>>> print(open('run-v9.csv').read())   # CSV, C-alpha atoms and all ligand atoms
chain,number,residue,atom,x,y,z
A,20,MET,CA,-15.5,-12.5,10.0
A,21,ALA,CA,-13.7,-15.2,8.1
A,22,VAL,CA,-10.6,-14.2,6.1
A,23,ARG,CA,-8.7,-15.8,3.3
A,24,TYR,CA,-4.9,-15.6,2.9
A,25,VAL,CA,-3.7,-13.7,-0.2
A,26,GLN,CA,0.1,-13.1,-0.2
A,27,THR,CA,3.3,-12.4,1.8
A,28,CYS,CA,6.1,-10.0,1.2
A,29,ARG,CA,9.0,-8.4,3.1
A,30,LEU,CA,8.3,-5.1,5.0
A,31,PRO,CA,11.5,-3.3,6.1
A,32,THR,CA,10.8,-0.8,9.0
A,33,PRO,CA,13.0,1.3,11.2
A,34,PHE,CA,12.5,-1.4,13.9
A,35,GLY,CA,13.3,-4.5,11.8
A,36,VAL,CA,12.5,-6.4,8.6
A,37,PHE,CA,9.0,-8.0,9.0
A,38,ASP,CA,7.1,-10.3,6.8
A,39,MET,CA,3.7,-8.8,5.8
A,40,HIS,CA,0.9,-11.2,5.2
A,41,GLY,CA,-2.3,-10.0,3.5
A,42,PHE,CA,-5.8,-11.4,4.2
A,43,GLU,CA,-9.2,-10.6,2.8
A,44,GLU,CA,-12.7,-10.9,4.0
A,45,PRO,CA,-14.5,-12.6,1.0
A,46,ASP,CA,-17.9,-11.2,2.1
A,47,THR,CA,-17.0,-7.6,2.5
A,48,GLY,CA,-13.7,-7.2,0.6
A,49,LYS,CA,-12.1,-5.7,3.8
A,50,GLU,CA,-8.4,-6.2,3.9
A,51,HIS,CA,-6.3,-7.0,7.0
A,52,ILE,CA,-2.6,-7.6,7.5
A,53,ALA,CA,-0.3,-9.4,9.9
A,54,LEU,CA,3.3,-8.5,10.4
A,55,THR,CA,5.5,-11.2,11.7
A,56,LEU,CA,9.1,-11.5,12.8
A,57,GLY,CA,11.2,-14.5,13.7
A,58,ASP,CA,10.4,-18.2,14.0
A,59,LEU,CA,6.8,-19.1,13.5
A,60,GLU,CA,7.3,-22.8,13.9
A,61,SER,CA,8.2,-22.8,17.6
A,62,ASP,CA,5.5,-23.7,20.2
A,63,GLU,CA,6.8,-21.0,22.6
A,64,PRO,CA,4.1,-18.4,23.2
A,65,MET,CA,4.5,-15.5,20.8
A,66,LEU,CA,4.6,-11.8,21.7
A,67,ALA,CA,1.5,-10.3,19.9
A,68,ARG,CA,-0.5,-7.2,19.3
A,69,THR,CA,-4.0,-7.0,17.7
A,70,HIS,CA,-4.1,-3.4,16.7
A,71,SER,CA,-7.3,-1.8,15.5
A,72,GLU,CA,-6.9,0.7,12.7
A,73,CYS,CA,-6.7,4.4,13.8
A,74,LEU,CA,-5.8,6.4,10.7
A,75,THR,CA,-5.6,9.6,12.8
A,76,GLY,CA,-3.3,8.1,15.5
A,77,ASP,CA,-1.3,5.6,13.4
A,78,ALA,CA,-0.6,7.7,10.4
A,79,LEU,CA,-1.4,11.4,11.2
A,80,TYR,CA,0.3,11.7,14.6
A,81,SER,CA,-3.0,12.5,16.5
A,82,MET,CA,-2.6,13.0,20.2
A,83,ARG,CA,-6.3,12.5,20.9
A,84,CYS,CA,-5.7,8.8,21.5
A,85,ASP,CA,-2.8,6.4,22.3
A,86,CYS,CA,-2.9,4.3,19.2
A,87,GLY,CA,0.1,5.6,17.3
A,88,TYR,CA,2.3,5.3,20.4
A,89,GLN,CA,1.1,1.8,21.0
A,90,LEU,CA,1.7,0.8,17.4
A,91,GLU,CA,5.3,2.0,17.6
A,92,ALA,CA,5.8,0.5,21.0
A,93,ALA,CA,4.5,-2.9,19.9
A,94,LEU,CA,6.7,-3.0,16.8
A,95,ARG,CA,9.7,-2.0,18.9
A,96,SER,CA,8.9,-4.7,21.5
A,97,ILE,CA,8.5,-7.4,18.8
A,98,ALA,CA,11.8,-6.4,17.3
A,99,ARG,CA,13.6,-6.4,20.6
A,100,GLU,CA,12.2,-9.9,21.4
A,101,GLY,CA,13.2,-11.0,17.9
A,102,ARG,CA,9.9,-12.8,17.4
A,103,GLY,CA,6.3,-11.8,17.3
A,104,ILE,CA,3.2,-10.8,15.4
A,105,LEU,CA,1.2,-7.6,14.9
A,106,MET,CA,-2.3,-8.1,13.4
A,107,TYR,CA,-3.4,-4.8,11.9
A,108,LEU,CA,-7.2,-5.0,11.8
A,109,ARG,CA,-9.2,-2.6,9.6
A,110,GLN,CA,-11.9,-1.8,12.1
A,111,GLU,CA,-11.4,2.0,12.3
A,112,GLY,CA,-13.1,3.9,15.1
A,113,ARG,CA,-13.8,0.7,17.1
A,114,GLY,CA,-15.8,-0.5,14.1
A,115,ILE,CA,-17.8,2.6,13.2
A,116,GLY,CA,-15.5,3.8,10.4
A,117,LEU,CA,-13.5,6.9,9.9
A,118,LEU,CA,-16.2,9.4,9.0
A,119,ASN,CA,-18.3,8.3,11.9
A,120,LYS,CA,-15.2,8.7,14.1
A,121,ILE,CA,-15.0,12.3,12.9
A,122,ARG,CA,-18.6,12.8,13.9
A,123,ALA,CA,-17.9,11.2,17.3
A,124,TYR,CA,-14.8,13.4,17.7
A,125,LYS,CA,-16.9,16.5,17.0
A,126,LEU,CA,-19.4,15.5,19.7
A,127,GLN,CA,-16.3,15.0,22.0
A,128,ASP,CA,-15.1,18.5,21.1
A,129,GLU,CA,-18.5,19.7,22.4
A,130,GLY,CA,-18.2,17.9,25.7
A,131,ALA,CA,-19.3,14.2,25.2
A,132,ASP,CA,-17.0,11.4,26.2
A,133,THR,CA,-15.9,8.7,23.8
A,134,VAL,CA,-18.7,6.3,24.9
A,135,GLU,CA,-21.5,9.0,25.0
A,136,ALA,CA,-20.4,10.2,21.5
A,137,ASN,CA,-20.8,6.7,20.0
A,138,GLU,CA,-24.2,6.3,21.7
A,139,ARG,CA,-25.5,9.6,20.5
A,140,LEU,CA,-24.7,8.5,17.0
A,141,GLY,CA,-26.7,5.3,17.5
A,142,PHE,CA,-23.7,2.9,17.9
A,143,ALA,CA,-22.6,0.7,20.8
A,144,ALA,CA,-19.4,1.8,22.5
A,145,ASP,CA,-17.4,-0.9,20.8
A,146,LEU,CA,-18.5,-2.8,17.6
A,147,ARG,CA,-15.3,-4.7,17.0
A,148,ASP,CA,-15.1,-8.4,16.0
A,149,TYR,CA,-11.8,-10.3,16.3
A,150,SER,CA,-12.8,-13.5,14.6
A,151,MET,CA,-10.4,-12.8,11.6
A,152,CYS,CA,-7.5,-13.2,14.1
A,153,LYS,CA,-8.4,-16.9,14.5
A,154,ASP,CA,-8.0,-17.5,10.7
A,155,MET,CA,-4.8,-15.4,10.5
A,156,LEU,CA,-3.1,-17.2,13.4
A,157,GLY,CA,-4.3,-20.6,12.1
A,158,HIS,CA,-2.9,-19.9,8.6
A,159,LEU,CA,0.5,-18.8,10.1
A,160,GLY,CA,0.5,-21.8,12.5
A,161,ILE,CA,0.8,-19.6,15.7
A,162,ARG,CA,-0.7,-21.4,18.7
A,163,SER,CA,-0.3,-19.2,21.8
A,164,LEU,CA,0.1,-15.5,22.5
A,165,LYS,CA,1.6,-13.1,25.0
A,166,LEU,CA,-0.9,-10.3,24.1
A,167,MET,CA,0.1,-6.6,24.4
A,168,THR,CA,-3.1,-4.8,25.4
A,169,ASN,CA,-4.7,-2.9,28.2
A,170,ASN,CA,-8.2,-4.0,27.1
A,171,PRO,CA,-9.8,-6.8,29.1
A,172,ARG,CA,-12.5,-7.3,26.5
A,173,LYS,CA,-9.9,-8.0,23.8
A,174,VAL,CA,-8.4,-10.7,25.9
A,175,ASP,CA,-11.8,-12.2,26.6
A,176,ALA,CA,-12.9,-11.9,22.9
A,177,LEU,CA,-9.7,-13.7,21.7
A,178,ARG,CA,-10.1,-16.4,24.4
A,179,SER,CA,-13.7,-17.0,23.5
A,180,LEU,CA,-12.6,-17.6,19.9
A,181,GLY,CA,-10.4,-20.4,21.2
A,182,ILE,CA,-7.1,-18.4,20.9
A,183,ASP,CA,-4.7,-19.3,23.7
A,184,VAL,CA,-3.7,-16.0,25.4
A,185,VAL,CA,-1.2,-17.2,28.0
A,186,GLU,CA,-0.2,-13.8,29.2
A,187,ARG,CA,-1.3,-10.2,29.0
A,188,VAL,CA,1.5,-7.6,28.6
A,189,ALA,CA,0.6,-4.0,29.5
A,190,ILE,CA,1.2,-1.4,26.8
A,191,HIS,CA,1.1,2.0,28.6
A,192,VAL,CA,2.5,4.7,26.3
A,193,GLY,CA,1.6,8.1,24.9
A,194,ARG,CA,-0.5,9.6,27.7
A,195,ASN,CA,-0.6,13.4,27.1
A,196,PRO,CA,-2.9,16.4,28.0
A,197,HIS,CA,-4.9,15.8,24.8
A,198,ASN,CA,-5.8,12.2,25.5
A,199,GLU,CA,-5.9,12.3,29.4
A,200,HIS,CA,-9.8,12.5,29.5
A,201,TYR,CA,-10.1,9.8,26.8
A,202,LEU,CA,-7.8,7.4,28.6
A,203,ASN,CA,-9.6,8.0,31.9
A,204,THR,CA,-13.0,7.3,30.2
A,205,LYS,CA,-11.6,4.0,28.8
A,206,GLN,CA,-10.6,3.1,32.3
A,207,SER,CA,-13.8,4.0,34.0
A,208,LYS,CA,-16.4,3.1,31.3
A,209,LEU,CA,-14.7,0.4,29.2
A,210,GLY,CA,-12.7,-1.3,32.0
A,211,HIS,CA,-9.2,-0.8,30.5
A,212,TRP,CA,-6.3,-1.6,32.7
A,213,LEU,CA,-4.7,1.8,32.7
A,214,GLU,CA,-2.8,2.9,35.8
A,215,THR,CA,-1.8,6.6,35.8
A,216,HIS,CA,1.8,5.6,35.8
A,217,GLN,CA,3.2,5.4,32.3
A,218,ASP,CA,6.2,3.3,31.3
A,219,ASP,CA,9.0,5.7,30.6
A,220,ASP,CA,10.7,3.5,28.1
A,221,PRO,CA,8.2,1.4,26.1
A,222,ALA,CA,11.0,0.2,23.8
Q,1,LIG,N1,-15.5,5.5,18.1
Q,1,LIG,C1,-14.4,5.9,18.5
Q,1,LIG,N2,-13.3,5.2,18.2
Q,1,LIG,C2,-12.1,5.6,18.7
Q,1,LIG,C3,-12.0,6.8,19.4
Q,1,LIG,N3,-10.7,7.0,19.8
Q,1,LIG,C4,-10.0,5.9,19.2
Q,1,LIG,N4,-10.9,5.1,18.5
Q,1,LIG,C5,-10.6,3.9,17.8
Q,1,LIG,O1,-10.4,2.9,18.8
Q,1,LIG,C6,-9.6,1.8,18.3
Q,1,LIG,C7,-8.6,1.6,19.4
Q,1,LIG,O2,-9.2,1.2,20.5
Q,1,LIG,P1,-8.8,1.6,22.0
Q,1,LIG,O3,-10.0,1.5,22.8
Q,1,LIG,O4,-8.0,2.9,21.9
Q,1,LIG,O5,-7.8,0.5,22.4
Q,1,LIG,P2,-8.0,-1.1,22.3
Q,1,LIG,O6,-7.5,-1.5,21.0
Q,1,LIG,O7,-9.4,-1.5,22.7
Q,1,LIG,O8,-7.1,-1.5,23.5
Q,1,LIG,P3,-5.5,-1.6,23.6
Q,1,LIG,O9,-5.2,-3.0,23.1
Q,1,LIG,O10,-5.2,-1.5,25.0
Q,1,LIG,O11,-5.0,-0.5,22.7
Q,1,LIG,C8,-9.1,2.3,17.0
Q,1,LIG,O12,-9.9,1.6,16.0
Q,1,LIG,C9,-9.4,3.8,17.0
Q,1,LIG,O13,-9.7,4.3,15.7
Q,1,LIG,C10,-13.2,7.5,19.7
Q,1,LIG,O14,-13.2,8.5,20.4
Q,1,LIG,N5,-14.3,7.0,19.2
Q,2,ZN,ZN,-6.5,6.1,18.0
>>> encode(input="run-v9.csv", output="structure tokens")
Amino acid sequence: MAVRYVQTCRLPTPFGVFDMHGFEEPDTGKEHIALTLGDLESDEPMLARTHSECLTGDALYSMRCDCGYQLEAALRSIAREGRGILMYLRQEGRGIGLLNKIRAYKLQDEGADTVEANERLGFAADLRDYSMCKDMLGHLGIRSLKLMTNNPRKVDALRSLGIDVVERVAIHVGRNPHNEHYLNTKQSKLGHWLETHQDDDPA
């Protein structure tokens, strides 16, 4: 989905003072943001994360997934590097939306895995589209990325949009008894690169 740039402001966080850039999908009104830190002019590949919205994990401390832990680890890593970008994409629940994610979680409470739950609700396992990233990076003049992800489809999706992902950086954090089965399903059914070993210190 194409996006248009709206405005930029400062965003102080416990990890560093980021610039927050707002974008809008003219067709749907959906809003996305990019947080950047450091020099955007340099041609050096930039540490990057494309983070899909997960209200439960990112804001409500849910332990059902690894999203909140990954969000914090990504911001810490960018701050430590002194340069980077986090694109926060409003594609909640892998694109099915928050209320459908609650429906999917209910099916998982009753024994379905994360993929089966989506399918029982009539959705594909992953409905996400990353095309807005191309516009966001283009607007900011960022040419190549060191992408923090464990998801091979995300790397492929960005590359097929013509985004230069020069390196994939693992982001293994937050495994716990509540998301163990979820992470194992992501590995076996969605192909995520998730070794059982977790980085002790993501920061
Ligand atoms: N439909 C659905 N969405 C989920 C579920 N658990 C987390 N999500 C959503 O999945 C998205 C995050 O995707 P993940 O598969 O955890 O990770 P990823 O972004 O593909 O890969 P990484 O870059 O390695 O984090 C967020 O939008 C979450 O809201 C679930 O059980 N069902
Ligand atoms: Zn999550």
>>> residues_near_ligand(input="run-v9.csv", ligand="ligand ZN 2 (chain Q)", cutoff="8 Å", atoms="all atoms listed in the file", output="MDAnalysis selection string")
chainID A and resid 72:77 81 83:87 112
>>> closest_residue(input="run-v9.csv", among="A:Gly130, A:Gly48, A:Gly210, A:Gly160", to="A:Met20", atoms="all atoms listed in the file")
A:Gly48
>>> residues_around(input="run-v9.csv", residues="A:Leu180", least_positions_apart="6", cutoff="12 Å", atoms="all atoms listed in the file", output="list in words")
Met20, Asp148, Tyr149, Ser150, Met151, Cys152, Lys153, Asp154, Leu156, Gly157, Lys173 and Val174 of chain A
>>> atom_distance(input="run-v9.csv", atom1="atom CA of A:Asn170", atom2="atom CA of A:Arg194")
15.6 Å
>>> residues_near_ligand(input="run-v9.csv", ligand="ligand LIG 1 (chain Q)", cutoff="7 Å", atoms="all atoms listed in the file", output="PDB file with C-alpha atoms, in the coordinates of the input")
ATOM      1  CA  THR A  69      -4.000  -7.000  17.700  1.00  0.00           C
ATOM      2  CA  HIS A  70      -4.100  -3.400  16.700  1.00  0.00           C
ATOM      3  CA  SER A  71      -7.300  -1.800  15.500  1.00  0.00           C
ATOM      4  CA  GLU A  72      -6.900   0.700  12.700  1.00  0.00           C
ATOM      5  CA  CYS A  73      -6.700   4.400  13.800  1.00  0.00           C
ATOM      6  CA  LEU A  74      -5.800   6.400  10.700  1.00  0.00           C
ATOM      7  CA  CYS A  84      -5.700   8.800  21.500  1.00  0.00           C
ATOM      8  CA  ASP A  85      -2.800   6.400  22.300  1.00  0.00           C
ATOM      9  CA  CYS A  86      -2.900   4.300  19.200  1.00  0.00           C
ATOM     10  CA  GLN A  89       1.100   1.800  21.000  1.00  0.00           C
ATOM     11  CA  GLN A 110     -11.900  -1.800  12.100  1.00  0.00           C
ATOM     12  CA  GLU A 111     -11.400   2.000  12.300  1.00  0.00           C
ATOM     13  CA  GLY A 112     -13.100   3.900  15.100  1.00  0.00           C
ATOM     14  CA  ARG A 113     -13.800   0.700  17.100  1.00  0.00           C
ATOM     15  CA  GLY A 114     -15.800  -0.500  14.100  1.00  0.00           C
ATOM     16  CA  ILE A 115     -17.800   2.600  13.200  1.00  0.00           C
ATOM     17  CA  LYS A 120     -15.200   8.700  14.100  1.00  0.00           C
ATOM     18  CA  ALA A 123     -17.900  11.200  17.300  1.00  0.00           C
ATOM     19  CA  TYR A 124     -14.800  13.400  17.700  1.00  0.00           C
ATOM     20  CA  THR A 133     -15.900   8.700  23.800  1.00  0.00           C
ATOM     21  CA  ASN A 137     -20.800   6.700  20.000  1.00  0.00           C
ATOM     22  CA  ALA A 144     -19.400   1.800  22.500  1.00  0.00           C
ATOM     23  CA  MET A 167       0.100  -6.600  24.400  1.00  0.00           C
ATOM     24  CA  THR A 168      -3.100  -4.800  25.400  1.00  0.00           C
ATOM     25  CA  ASN A 169      -4.700  -2.900  28.200  1.00  0.00           C
ATOM     26  CA  ASN A 170      -8.200  -4.000  27.100  1.00  0.00           C
ATOM     27  CA  LYS A 173      -9.900  -8.000  23.800  1.00  0.00           C
ATOM     28  CA  ILE A 190       1.200  -1.400  26.800  1.00  0.00           C
ATOM     29  CA  LYS A 205     -11.600   4.000  28.800  1.00  0.00           C
ATOM     30  CA  HIS A 211      -9.200  -0.800  30.500  1.00  0.00           C
TER      31      HIS A 211
END
>>> atom_distance(input="run-v9.csv", atom1="atom CA of A:Gly57", atom2="atom CA of A:Ala189")
21.7 Å
>>> closest_residue(input="run-v9.csv", among="A:Glu186, A:Leu209, A:Leu54, A:Ala136", to="A:Pro171", atoms="all atoms listed in the file")
A:Leu209
>>> atom_distance(input="run-v9.csv", atom1="atom CA of A:Glu43", atom2="atom CA of A:Gly116")
17.5 Å
>>> closest_residue(input="run-v9.csv", among="A:Ala67, A:Leu90, A:Ile104, A:Ala78", to="A:Thr55", atoms="all atoms listed in the file")
A:Ile104
>>> residues_near_point(input="run-v9.csv", point="(2.6, -14.3, 17.6)", cutoff="7 Å", atoms="all atoms listed in the file", output="NGL selection string")
:A and (65-67 or 103-104 or 161 or 164)
>>> closest_residue(input="run-v9.csv", among="A:Trp212, A:Tyr80, A:Phe142, A:Tyr107", to="A:Gly193", atoms="only C-alpha atoms")
A:Tyr80
>>> closest_residue(input="run-v9.csv", among="A:Met82, A:Lys49, A:Lys208, A:Glu60", to="A:Pro196", atoms="only C-alpha atoms")
A:Met82
>>> closest_residue(input="run-v9.csv", among="A:Arg23, A:Arg139, A:Leu117, A:Arg102", to="A:Glu63", atoms="all atoms listed in the file")
A:Arg102
